[in-house]
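To start, the structure under review is shown below, and the notes come after it.
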Amino acid sequence: MNISRICAIFEKDLKDFMRNTSLLFMPLLPIILAILYSRMGESEEMPIMMSYLVVGTVFTAVSTGCLMIMMAEEKEKKTLRGLIQSPASFIDIIIGKSLVTTLLTVISLFISLLLLGIEPFLNVKAIIALFFTFIFFLLLGIGIGLFVKTVAMTTAYMMPILFLFGFTPFVDFLNLDKGSIVLKIAYAFPIPQLIRLDETGSWRHVGVVALWMLGAALFAYICFIRTRKDD
Amino acid sequence: MFSKGSFHPNNSTVDWKKGTIHAVLAVRSAFLRYARVRKFRGGSRLENIIQVENLQKQFANETAIEALSFTVKRGEIFGLLGPSGAGKTTMIKIMTGELAKTAGDVQVLGMQPAAFQTARFKSQIGILSDNSALYERLTVYDNLKLFCKLYGAPISAISESLQFVNLQGEQDKRVSKLSKGMKQRVLLAKALIHKPALVFLDEPTSALDPGNTEHIHNGLKQLNAAGTTIFLNTHNMAEATALCDRVAFLHEGRLQEIGEPQALRYKYSNHAFHIRTFDGKKLVLDNVPENAAEIAQLITDNKVKEMHTDNPTLGDIFLKVTGKELVS
């Protein structure tokens, strides 16, 4: 890992991001959602599920969405080849490319949680689980960005990711049987695990999120190796 | 067996610690000396910077490269000539680790393809290929600054490389606003910004006007004179003649001929004198002793308007060797 190479990629990405109008407004989406949720039923206490829906939106739209588009653009325009051919390593490129998204996620998440009430997230277990979830979404964005051939193709992946990983808590509104297999699978996804963690406080849910993170890391690495070669 | 006392006469703990530190430092400096020697031997002093033996590359059912063998010597400009689709770009991609070979052996800077992903290998090479690209939303300066930092080159290298490609004063322009030729020159500046030991150039002047082509050619000659080995892919025979110390003809994935341009031109010359007289006659006389008297008589009679030997161009030789035009 080389800090100056990571900083160089970060600096380039930041300048590129500021001139990319298609990405510039994505971090605003969860903030707008948080404003709307916080205005709904002002007298009642905000259900924790709503807060985690906003968290899911931040992670899917900003962490995964922005990074996925940025990576896909690098790949489509062949600029990624220049980074791969340079002395920057896989880790340098991945960290360098993730920094802008990390910055945006932190800002977007912090503002959204301030609007919705940050108290439920101020404990060690929740912070660790949020961090693992964030890394999972980041790596998912990198993996898909490297997997697709064009930026246009990322739109086809954005919706399933948003519904599968961001809006998973909505599965409760489907009125499914408690023993339903769909429900069991949905509860194993990262955001419902965060909600369970809030309810039970068990480390088991942090472990499940960590497993998701490792799976995403493997997926991103395989996609990178595939991209490195031109076969 | 060494005891603490046998190492140091006064036997104190402080001296023992000092001794250990000295020993560790001595081992460390010996290791660093060894590493420096290895690095020196590893790439920069190799006689053959590129060594390719029986290389094969297959794509599904198509053979792109077949039993290719050649070497590129340190400090030379080596030209790989061939029409589009001959396998030139595939060759560069294999040598830079972008493509995996099917069979055979490739060594670049003394390293096997497995080592191609190391920072040490990458910092010694520069690449300009059809896969090279720039960040369109950024300025020329920002693009070059990124690669300066990635390769650990000083920022002053930006103005040097812009001067090299004749783009001084254009550094604040956004890449999206540049013409195709200007973009090609920025890509070349990017490939050379870290002063690599070996440069792979795939059709470097394909989009350039004659003036800028000449400027780049002069720059490449200077770069080569400073010790950089250049591997040049081109189908431009004038470029190959002007720049290359040696050329190889690649056709349908096979190496058809290899040698110095002058030697090839001599080899494929029919060794005849082409004479044009003042009365409009054209004569072709073989360079043999029997024709000496006739040639001498023409000169004596002041009849010769023009006389030259037969010098085929690299394009003519390519046609002769492969039966195909270099530029279709």
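Residue numbering restarts at 1 in every chain; chains get A, B, ... in the order shown in the structure tokens, and ligands count up from 1 in that same order.
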For chain B, which residues have at least one atom within 10 Å of chain A, if we go by only C-alpha atoms? Write them as a ChimeraX atom specification, please.
/B:58-59,90,93-94,96-101,116-128,130-139,142-143,145-152,190-191
Could you pull out all residues of region 32-240 of chain B with a DSSP call of alpha helix (DSSP H) and give them as an MDAnalysis selection string?
chainID B and resid 32:39 88:95 119:122 140:151 156:164 180:192 210:225 237:240
Thr105 (chain A): which residues within 7 Å, counting only C-alpha atoms, same-chain residues fewer than 2 positions away excluded, as a PyMOL selection string?
chain A and resi 58+62-63+101-103+107-109
Output N, CA and C atoms for every residue in the selection just made, as a PDB file, in the first residue's frame.
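Final file, again.pdb:
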```
ATOM      1  N   VAL A  58     -28.673   5.412   1.838  1.00  0.00           N
ATOM      2  CA  VAL A  58     -27.337   6.043   1.783  1.00  0.00           C
ATOM      3  C   VAL A  58     -26.340   5.039   1.204  1.00  0.00           C
ATOM      4  N   VAL A  62     -25.352   5.947  -2.495  1.00  0.00           N
ATOM      5  CA  VAL A  62     -24.072   6.668  -2.461  1.00  0.00           C
ATOM      6  C   VAL A  62     -22.894   5.692  -2.509  1.00  0.00           C
ATOM      7  N   SER A  63     -22.811   4.785  -1.524  1.00  0.00           N
ATOM      8  CA  SER A  63     -21.635   3.898  -1.460  1.00  0.00           C
ATOM      9  C   SER A  63     -21.573   2.998  -2.695  1.00  0.00           C
ATOM     10  N   THR A 101     -16.103   8.292  -2.355  1.00  0.00           N
ATOM     11  CA  THR A 101     -17.397   7.715  -1.985  1.00  0.00           C
ATOM     12  C   THR A 101     -17.526   7.635  -0.464  1.00  0.00           C
ATOM     13  N   THR A 102     -16.447   7.285   0.206  1.00  0.00           N
ATOM     14  CA  THR A 102     -16.461   7.215   1.672  1.00  0.00           C
ATOM     15  C   THR A 102     -16.814   8.582   2.259  1.00  0.00           C
ATOM     16  N   LEU A 103     -16.150   9.597   1.744  1.00  0.00           N
ATOM     17  CA  LEU A 103     -16.385  10.962   2.220  1.00  0.00           C
ATOM     18  C   LEU A 103     -17.857  11.347   2.032  1.00  0.00           C
ATOM     19  N   ILE A 107     -20.748  12.004   5.006  1.00  0.00           N
ATOM     20  CA  ILE A 107     -21.479  13.281   5.083  1.00  0.00           C
ATOM     21  C   ILE A 107     -22.994  13.022   4.976  1.00  0.00           C
ATOM     22  N   SER A 108     -23.364  12.228   3.962  1.00  0.00           N
ATOM     23  CA  SER A 108     -24.781  11.963   3.713  1.00  0.00           C
ATOM     24  C   SER A 108     -25.421  11.214   4.889  1.00  0.00           C
ATOM     25  N   LEU A 109     -24.686  10.216   5.417  1.00  0.00           N
ATOM     26  CA  LEU A 109     -25.196   9.414   6.536  1.00  0.00           C
ATOM     27  C   LEU A 109     -25.340  10.265   7.792  1.00  0.00           C
TER      28      LEU A 109
END
```
What is the CA of Leu55 (chain B)-CA of Ala103 (chain B) distance in Å, reported with one decimal?
5.7 Å
Can you work out the spacing between CA of Phe170 (chain A) and CA of Thr154 (chain A) in Å, to one decimal?
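It comes out at 23.4 Å.
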So which residues touch region 147-153 of chain A within 7 Å, counting only C-alpha atoms, skipping near sequence neighbours fewer than 6 positions away, as a PyMOL selection string?
chain A and resi 69+72-73+76+223
Take the selection from the previous step and output its residues with C-alpha atoms, as a PDB file, in the first residue's frame.
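selection-v2.pdb, freshly written:
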```pdb
ATOM      1  CA  ILE A  69     -20.753   4.274 -11.848  1.00  0.00           C
ATOM      2  CA  ALA A  72     -17.783   1.390 -14.763  1.00  0.00           C
ATOM      3  CA  GLU A  73     -16.806   4.713 -16.332  1.00  0.00           C
ATOM      4  CA  GLU A  76     -15.626   1.818 -20.289  1.00  0.00           C
ATOM      5  CA  CYS A 223     -13.840  -8.928 -10.814  1.00  0.00           C
TER       6      CYS A 223
END
```
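Shell of Asn270 (chain B) at 8 Å, with only C-alpha atoms counted and residues fewer than 2 places along the chain excluded, is Tyr268, Ala272, Asp286 and Asp310 of chain B.
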Report, in Å with one decimal, the straight-line distance from CA of Ala197 (chain B) to CA of Leu80 (chain B).
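Separation between CA of Ala197 (chain B) and CA of Leu80 (chain B): 18.5 Å.
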List as a ChimeraX atom specification the protein and nucleic acid residues near region 249-253 of chain B, meaning an atom at most 7 Å away when only C-alpha atoms are counted, but skip any in the same chain fewer than 2 places from it.
/B:64-66,80-82,86-87,247,255-258,318
